[in-house]
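Chemist: Have a look at this one.
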Amino acid sequence: MSRDIVTSDSSLAPSPDIIGGHTLSMFVNNKPGVLMRICQVFARRAYNLDSVVVSRGRDPQFSRLTLGISGDPAGLEQIIKQCNKLIDVIHCFEHDENESVTRELALVKILIDPGDRAEVLQIIEHFGAKTVDLGANSIIAMIYGNSDKVDAAVHLLSKFDIVETVRTGKVVMARGEAAT
Amino acid sequence: MSTTKLDGAQALIQTLNELGVEYIFGYSGGAALPIFDALETVSGNIKFVLTRHEQGACHMADGYARATGKPAVVLVTSGPGAGNTITGIMTAQMDSVPMIIITGQQVTWMLGKDAFQEADIFGITMPVVKHNFLVRETNSLPRIAKEAYHIATTGRPGPVLIDVPKDISQSDFTGDLDPDLDLPGYNPESAFDIDPHSISRAAEIISNSKKPVILAGHGIMISRADEELMELATTLNCPVTSTLLGKGVFPETHELSLGMLGMHGTAYANKAMVECDLIINVGSRFDDRIIGQPEKFGAGAKIIHVDIDPSEMNKMIHPDVEIIGDAKTALKALNKEIAPLETASWLATLDGYKNKFPLAYRKQGGLRMQQVLDELYQLTEGKAIVTTDVGQHQMWAAQFYKTDASYNWLSSGGAGTMGFGFPAAIGAQLARPDDIVVAVVGDGGYQMTLCELATAAINKLPVKILVLNNHYLGMVRQWQQMFFDNRESGVNLEGNPDFVKLAEAYGIKGYNIKRPADVGKVLQKALDYNDGPCVINAECIKTENVFPMIPAGAALEDMLVAPPKHKMAKPTGST
Ligand SMILES: Cc1ncc(C[n+]2csc(CCOP(=O)(O)OP(=O)(O)O)c2C)c(N)n1
Ligand SMILES: [Mg+2]
């Protein structure tokens, strides 16, 4: 008989397929250095931060942080506790997609031949996205929604000549009356 | 509140006074000038000890705290002064020792500009502190000092650093000297509120055990739960093994004691861990040096883990029951729900191991560290405060100097910091002037912080510095012998100074021990000498090795009780 081993393989170069789509939400003191403390917890255990969104709380003494992370799933529970242990962290949770709303926004700049313009605009319209800049040879689409939808739109657009994509990273909010 | 005008530095020192700080260990410098000046202008009970190196200051504060459970303060200047504290801070953090470190800093408007002696000590120390502050407002100094003290001493204790720019310390203070704490993310009180279901589940598992072992850690000492532990062990008739830092929480001379477990623990403690059906871990974090190979640890046993720090649960080992909270509160509750167990045959088995694999050493063929430590134990009747450095001498001291009470064994466990032992002894002696304090150090580690001989001499501290001199970095040499075909690399300390003459240069008494027959006589002389520190240099066999040994990363059942006859594979664990 052998006990389950608690693994945390720090030699693993973090790759997004180790765990995908884990979103942590934190409520923290709004002070210099807080993000650094949090990043150190993740970096030391070889977790990659795929996205970081920080915004000031309604009470400016606090900030709200949403982190998209990838890394070894076995260590996730421990890392959440490790974050909660930081004096400047009021709380840290992993949010379940069913009980929360997660959204992100992407800006995609595409170079287009005049002949492709109609198709590009059609894709943008299909995804409920918006054209926020339109030039003779380029277009900037603003896509928003859950991350899968943003991924799908970017994927369809990638057959055209994408110059750059900028994504905000996920923001998450608990459903219902409870605060996140 | 006082009516005289204070500056920030004075408000800071006044707050430390009110918090009951007894000692500040430190080293001065430009950016800390206002704070050093406040030591002279603010009246109170704080005593300042000038050390000879900032690392020494940290280890002294650490020794003071480990010998009392109360924190001391370290005060140093910016840049290099602050930088020199890192090892000392890390040592305290790894072993959950409360400490407050105050660093001077460049003036606020120079921060981030590589100004003279500016170092981002706030950033540099973040991974090695429980918390730290960079003070940006003079009026916040009392609140931050109080918060630092609170954070350092509650929950799982640890070091807290306060970085104070010079303009902040020397500006006028116009605030509140007794402000409220503002720590919305820190609730150590929750540790006293323990889930009663976890206690009942633990009691239930305990009631079914025939071969239980209590693994007693430092957490018991911190929460002062020694009596509750004694009640648990004696009610259950359950043997107790302790970690290196837990030495003393349960008397090692008690018949239920198995001594220390782990890499160089007793054979019977490690065998008990392998054969038991229940491990009750109270206040230990399942360090890699006690679990060996995590997959095999406690494979046939149920595990109950009591820890104040939730992030220790499932970190190394998945317990069957997690009890999150203060050890004393948890044990009090648990003791109400338990009944004696039938452990006679289990205890008989373990007694068999005690007889078969005793801690022993040879007295022929030269002087061994084990003998010196054994005789020291006999002569002091086990009552001394023993601090150690790191290496072979430390492990033998842990084996042969049995510890019967908390706060009497001071050793750097988590960090394994060479240079710790001697300055820690200075802190311990200041904290407990009436106790015998012996610093057991190796010839290597001693040389890392022996500049503090001046501090010990000037303060006339009767610390006994026992240098167990094998002219080697012995523990590393042991690994090279066992795992690297005896190729010695970077371990030979031939050319050590004459430690007795060196002591004499500081006006310190020195003794040599060269023959096994002289040990008792010389030690007794040193113990009787109380006019200040003394150094005892014991010339020991150079190539003795420490056993039992569980190679790093190996399972507890793979323990070597004697030197291996065959060549060993390189260990999979680190050290
Ligand atoms: C600051 C520091 N550097 C290096 C080490 C690695 N190390 C562990 S034990 C040891 C040898 C210690 O030699 P000594 O102080 O003479 O003690 P001995 O093992 O000979 O008793 C070394 C170098 C350490 N623990 N700490
Ligand atoms: Mg040595």
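Quick note on naming: the chains in the structure tokens go A, B, ... in the order shown, residues restart at 1 in each chain, and ligands are numbered from 1 in order of appearance.
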Got a sec to tell me which of segment 12-178 of chain A DSSP assigns to strand (DSSP E or B), as number ranges by chain?
Modeler: A: 22-29, 48-56, 62-70, 89-94, 100-111, 130-134, 138-145, 161-167, 171-174
Chemist: Extract, using only C-alpha atoms, all DNA, RNA and protein residues at most 10 Å from Leu134 of chain A, discarding same-chain residues fewer than 6 positions from it, and format them as a list in words.
Modeler: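 Close residues of Leu134 of chain A: Lys109, Ile110, Ile140 and Ala141 of chain A.
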Chemist: Point out the residue among B:Ser311, B:Pro358, B:Leu523, B:Gly175 with the least atom-to-atom distance to Glu77 of chain A, counting only C-alpha atoms.
Modeler: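 Going through B:Ser311, B:Pro358, B:Leu523, B:Gly175 one by one, the smallest distance to Glu77 of chain A is for B:Ser311.
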Chemist: So that I can see what lies close to Ala301 of chain B, please list as a PyMOL selection string the residues with an atom at most 8 Å from it, counting only C-alpha atoms and leaving out residues fewer than 5 positions away in the same chain.
Modeler: chain B and resi 276-279
Chemist: Write out the residues from the selection above, keeping C-alpha atoms, as a short mmCIF file (atom, residue, chain, number, x, y, z; two decimals), in the first residue's frame.
Modeler:
```cif
data_model
loop_
_atom_site.label_atom_id
_atom_site.label_comp_id
_atom_site.auth_asym_id
_atom_site.auth_seq_id
_atom_site.Cartn_x
_atom_site.Cartn_y
_atom_site.Cartn_z
CA CYS B 276 3.12 2.02 13.21
CA ASP B 277 -0.54 2.01 12.27
CA LEU B 278 -1.14 5.65 13.24
CA ILE B 279 0.91 8.84 13.13
#
```
Chemist: Please provide the set of residues having any atom within 9 Å of Asp37 of chain B, restricted to only C-alpha atoms, with same-chain residues fewer than 4 positions apart removed, written as a VMD selection string.
Modeler: chain B and resid 9 to 10 32 to 33 41 to 42
Chemist: Write out as a list in words the residues lying within 6 Å of Glu252 of chain B, counting only C-alpha atoms and excluding same-chain residues fewer than 6 positions away.
Modeler: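 In the requested format, the answer is Gly259, Lys402, Thr403 and Asp404 of chain B.
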Chemist: Write the residues of the selection above to a file with N, CA, C and O atoms, as a PDB file, in the first residue's frame.
Modeler:
```pdb
ATOM      1  N   GLY B 259      13.081   9.675  21.167  1.00  0.00           N
ATOM      2  CA  GLY B 259      14.106  10.600  20.682  1.00  0.00           C
ATOM      3  C   GLY B 259      13.712  11.186  19.338  1.00  0.00           C
ATOM      4  O   GLY B 259      12.546  11.158  18.941  1.00  0.00           O
ATOM      5  N   LYS B 402      20.266  14.732  25.417  1.00  0.00           N
ATOM      6  CA  LYS B 402      18.821  14.568  25.545  1.00  0.00           C
ATOM      7  C   LYS B 402      18.241  15.842  26.135  1.00  0.00           C
ATOM      8  O   LYS B 402      18.832  16.442  27.035  1.00  0.00           O
ATOM      9  N   THR B 403      17.101  16.241  25.621  1.00  0.00           N
ATOM     10  CA  THR B 403      16.493  17.497  26.045  1.00  0.00           C
ATOM     11  C   THR B 403      15.177  17.188  26.723  1.00  0.00           C
ATOM     12  O   THR B 403      14.339  16.475  26.174  1.00  0.00           O
ATOM     13  N   ASP B 404      15.014  17.721  27.917  1.00  0.00           N
ATOM     14  CA  ASP B 404      13.810  17.398  28.685  1.00  0.00           C
ATOM     15  C   ASP B 404      12.802  18.522  28.770  1.00  0.00           C
ATOM     16  O   ASP B 404      11.698  18.318  29.289  1.00  0.00           O
TER      17      ASP B 404
END
```
Chemist: Dump as a list in words the residues of chain B that approach chain A to within 9 Å, counting only C-alpha atoms.
Modeler: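 Result, ordered by chain then number: Phe122, Gly123, Met126, Pro127, Lys130, His131, Ile151, Leu183, Pro184, Gly185, Tyr186, Pro294, Glu295, Lys296, Phe297, Gly298, Ala299, Gly300, Asp309, Pro310, Ser311, Glu312, Met313, Asn314, Lys315, Met316, Ile317 and His318 of chain B.
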Chemist: Write out as a VMD selection string the residues lying within 9 Å of Tyr144 of chain A, counting only C-alpha atoms and excluding same-chain residues fewer than 4 positions away.
Modeler: chain A and resid 103 to 107 127 to 130 149 to 150
Chemist: Please produce a file of those selected residues containing all heavy atoms, as a PDB file, in the first residue's frame.
Modeler:
```pdb
ATOM      1  N   ARG A 103     -15.447  36.841 -18.196  1.00  0.00           N
ATOM      2  CA  ARG A 103     -15.433  37.508 -19.498  1.00  0.00           C
ATOM      3  C   ARG A 103     -14.055  38.037 -19.811  1.00  0.00           C
ATOM      4  O   ARG A 103     -13.285  38.368 -18.925  1.00  0.00           O
ATOM      5  CB  ARG A 103     -16.414  38.705 -19.509  1.00  0.00           C
ATOM      6  CG  ARG A 103     -17.893  38.313 -19.416  1.00  0.00           C
ATOM      7  CD  ARG A 103     -18.375  37.640 -20.705  1.00  0.00           C
ATOM      8  NE  ARG A 103     -19.782  37.290 -20.608  1.00  0.00           N
ATOM      9  CZ  ARG A 103     -20.252  36.133 -20.134  1.00  0.00           C
ATOM     10  NH1 ARG A 103     -19.416  35.201 -19.685  1.00  0.00           N
ATOM     11  NH2 ARG A 103     -21.543  35.902 -20.111  1.00  0.00           N
ATOM     12  N   GLU A 104     -13.798  38.133 -21.115  1.00  0.00           N
ATOM     13  CA  GLU A 104     -12.617  38.885 -21.496  1.00  0.00           C
ATOM     14  C   GLU A 104     -12.836  39.592 -22.822  1.00  0.00           C
ATOM     15  O   GLU A 104     -13.822  39.349 -23.513  1.00  0.00           O
ATOM     16  CB  GLU A 104     -11.344  38.034 -21.501  1.00  0.00           C
ATOM     17  CG  GLU A 104     -11.237  36.982 -22.546  1.00  0.00           C
ATOM     18  CD  GLU A 104      -9.849  36.336 -22.521  1.00  0.00           C
ATOM     19  OE1 GLU A 104      -8.842  37.070 -22.443  1.00  0.00           O
ATOM     20  OE2 GLU A 104      -9.772  35.103 -22.589  1.00  0.00           O
ATOM     21  N   LEU A 105     -11.921  40.456 -23.122  1.00  0.00           N
ATOM     22  CA  LEU A 105     -12.057  41.272 -24.319  1.00  0.00           C
ATOM     23  C   LEU A 105     -10.743  41.215 -25.089  1.00  0.00           C
ATOM     24  O   LEU A 105      -9.675  41.186 -24.470  1.00  0.00           O
ATOM     25  CB  LEU A 105     -12.370  42.708 -23.874  1.00  0.00           C
ATOM     26  CG  LEU A 105     -12.581  43.805 -24.909  1.00  0.00           C
ATOM     27  CD1 LEU A 105     -13.535  44.847 -24.351  1.00  0.00           C
ATOM     28  CD2 LEU A 105     -11.269  44.483 -25.293  1.00  0.00           C
ATOM     29  N   ALA A 106     -10.873  41.132 -26.431  1.00  0.00           N
ATOM     30  CA  ALA A 106      -9.654  41.117 -27.243  1.00  0.00           C
ATOM     31  C   ALA A 106      -9.763  42.164 -28.347  1.00  0.00           C
ATOM     32  O   ALA A 106     -10.844  42.382 -28.897  1.00  0.00           O
ATOM     33  CB  ALA A 106      -9.449  39.736 -27.862  1.00  0.00           C
ATOM     34  N   LEU A 107      -8.649  42.778 -28.635  1.00  0.00           N
ATOM     35  CA  LEU A 107      -8.561  43.635 -29.817  1.00  0.00           C
ATOM     36  C   LEU A 107      -7.689  42.895 -30.827  1.00  0.00           C
ATOM     37  O   LEU A 107      -6.616  42.405 -30.466  1.00  0.00           O
ATOM     38  CB  LEU A 107      -7.924  44.976 -29.467  1.00  0.00           C
ATOM     39  CG  LEU A 107      -8.697  45.886 -28.496  1.00  0.00           C
ATOM     40  CD1 LEU A 107      -7.868  47.120 -28.151  1.00  0.00           C
ATOM     41  CD2 LEU A 107     -10.041  46.287 -29.084  1.00  0.00           C
ATOM     42  N   PHE A 127     -19.920  37.040 -34.372  1.00  0.00           N
ATOM     43  CA  PHE A 127     -19.525  36.882 -32.960  1.00  0.00           C
ATOM     44  C   PHE A 127     -20.008  38.020 -32.069  1.00  0.00           C
ATOM     45  O   PHE A 127     -19.634  38.113 -30.915  1.00  0.00           O
ATOM     46  CB  PHE A 127     -17.997  36.747 -32.854  1.00  0.00           C
ATOM     47  CG  PHE A 127     -17.519  35.367 -33.214  1.00  0.00           C
ATOM     48  CD1 PHE A 127     -17.062  35.072 -34.488  1.00  0.00           C
ATOM     49  CD2 PHE A 127     -17.559  34.350 -32.260  1.00  0.00           C
ATOM     50  CE1 PHE A 127     -16.642  33.793 -34.801  1.00  0.00           C
ATOM     51  CE2 PHE A 127     -17.132  33.069 -32.579  1.00  0.00           C
ATOM     52  CZ  PHE A 127     -16.679  32.784 -33.864  1.00  0.00           C
ATOM     53  N   GLY A 128     -20.817  38.868 -32.639  1.00  0.00           N
ATOM     54  CA  GLY A 128     -21.311  39.999 -31.844  1.00  0.00           C
ATOM     55  C   GLY A 128     -20.187  40.946 -31.493  1.00  0.00           C
ATOM     56  O   GLY A 128     -20.263  41.698 -30.520  1.00  0.00           O
ATOM     57  N   ALA A 129     -19.097  40.885 -32.281  1.00  0.00           N
ATOM     58  CA  ALA A 129     -17.965  41.762 -32.007  1.00  0.00           C
ATOM     59  C   ALA A 129     -18.187  43.102 -32.715  1.00  0.00           C
ATOM     60  O   ALA A 129     -19.174  43.276 -33.418  1.00  0.00           O
ATOM     61  CB  ALA A 129     -16.684  41.097 -32.485  1.00  0.00           C
ATOM     62  N   LYS A 130     -17.236  44.003 -32.493  1.00  0.00           N
ATOM     63  CA  LYS A 130     -17.394  45.332 -33.083  1.00  0.00           C
ATOM     64  C   LYS A 130     -16.152  45.695 -33.877  1.00  0.00           C
ATOM     65  O   LYS A 130     -15.044  45.289 -33.538  1.00  0.00           O
ATOM     66  CB  LYS A 130     -17.554  46.370 -31.968  1.00  0.00           C
ATOM     67  CG  LYS A 130     -18.909  46.351 -31.295  1.00  0.00           C
ATOM     68  CD  LYS A 130     -19.229  47.752 -30.756  1.00  0.00           C
ATOM     69  CE  LYS A 130     -20.688  47.881 -30.403  1.00  0.00           C
ATOM     70  NZ  LYS A 130     -20.929  47.591 -28.982  1.00  0.00           N
ATOM     71  N   LYS A 149     -15.330  31.844 -26.590  1.00  0.00           N
ATOM     72  CA  LYS A 149     -15.854  32.589 -27.727  1.00  0.00           C
ATOM     73  C   LYS A 149     -14.759  33.469 -28.330  1.00  0.00           C
ATOM     74  O   LYS A 149     -14.584  33.527 -29.556  1.00  0.00           O
ATOM     75  CB  LYS A 149     -17.035  33.449 -27.256  1.00  0.00           C
ATOM     76  CG  LYS A 149     -17.583  34.377 -28.320  1.00  0.00           C
ATOM     77  CD  LYS A 149     -18.794  35.117 -27.790  1.00  0.00           C
ATOM     78  CE  LYS A 149     -18.927  36.474 -28.463  1.00  0.00           C
ATOM     79  NZ  LYS A 149     -19.975  37.269 -27.866  1.00  0.00           N
ATOM     80  N   VAL A 150     -13.996  34.106 -27.468  1.00  0.00           N
ATOM     81  CA  VAL A 150     -12.907  34.950 -27.957  1.00  0.00           C
ATOM     82  C   VAL A 150     -11.903  34.089 -28.726  1.00  0.00           C
ATOM     83  O   VAL A 150     -11.467  34.445 -29.818  1.00  0.00           O
ATOM     84  CB  VAL A 150     -12.243  35.713 -26.797  1.00  0.00           C
ATOM     85  CG1 VAL A 150     -11.037  36.516 -27.287  1.00  0.00           C
ATOM     86  CG2 VAL A 150     -13.246  36.638 -26.107  1.00  0.00           C
TER      87      VAL A 150
END
```
Chemist: Which residues sit within 7 Å of ligand 2, counting only C-alpha atoms and all ligand atoms, listed as a ChimeraX atom specification?
Modeler: /B:442-444,468-474
Chemist: Throw together the list of residues within 10 Å of ligand 1, counting only C-alpha atoms and all ligand atoms, and drop it here as a PyMOL selection string.
Modeler: chain B and resi 87+369+388-397+412-413+415-421+440-448+467-479+490-493+540+542-546+575
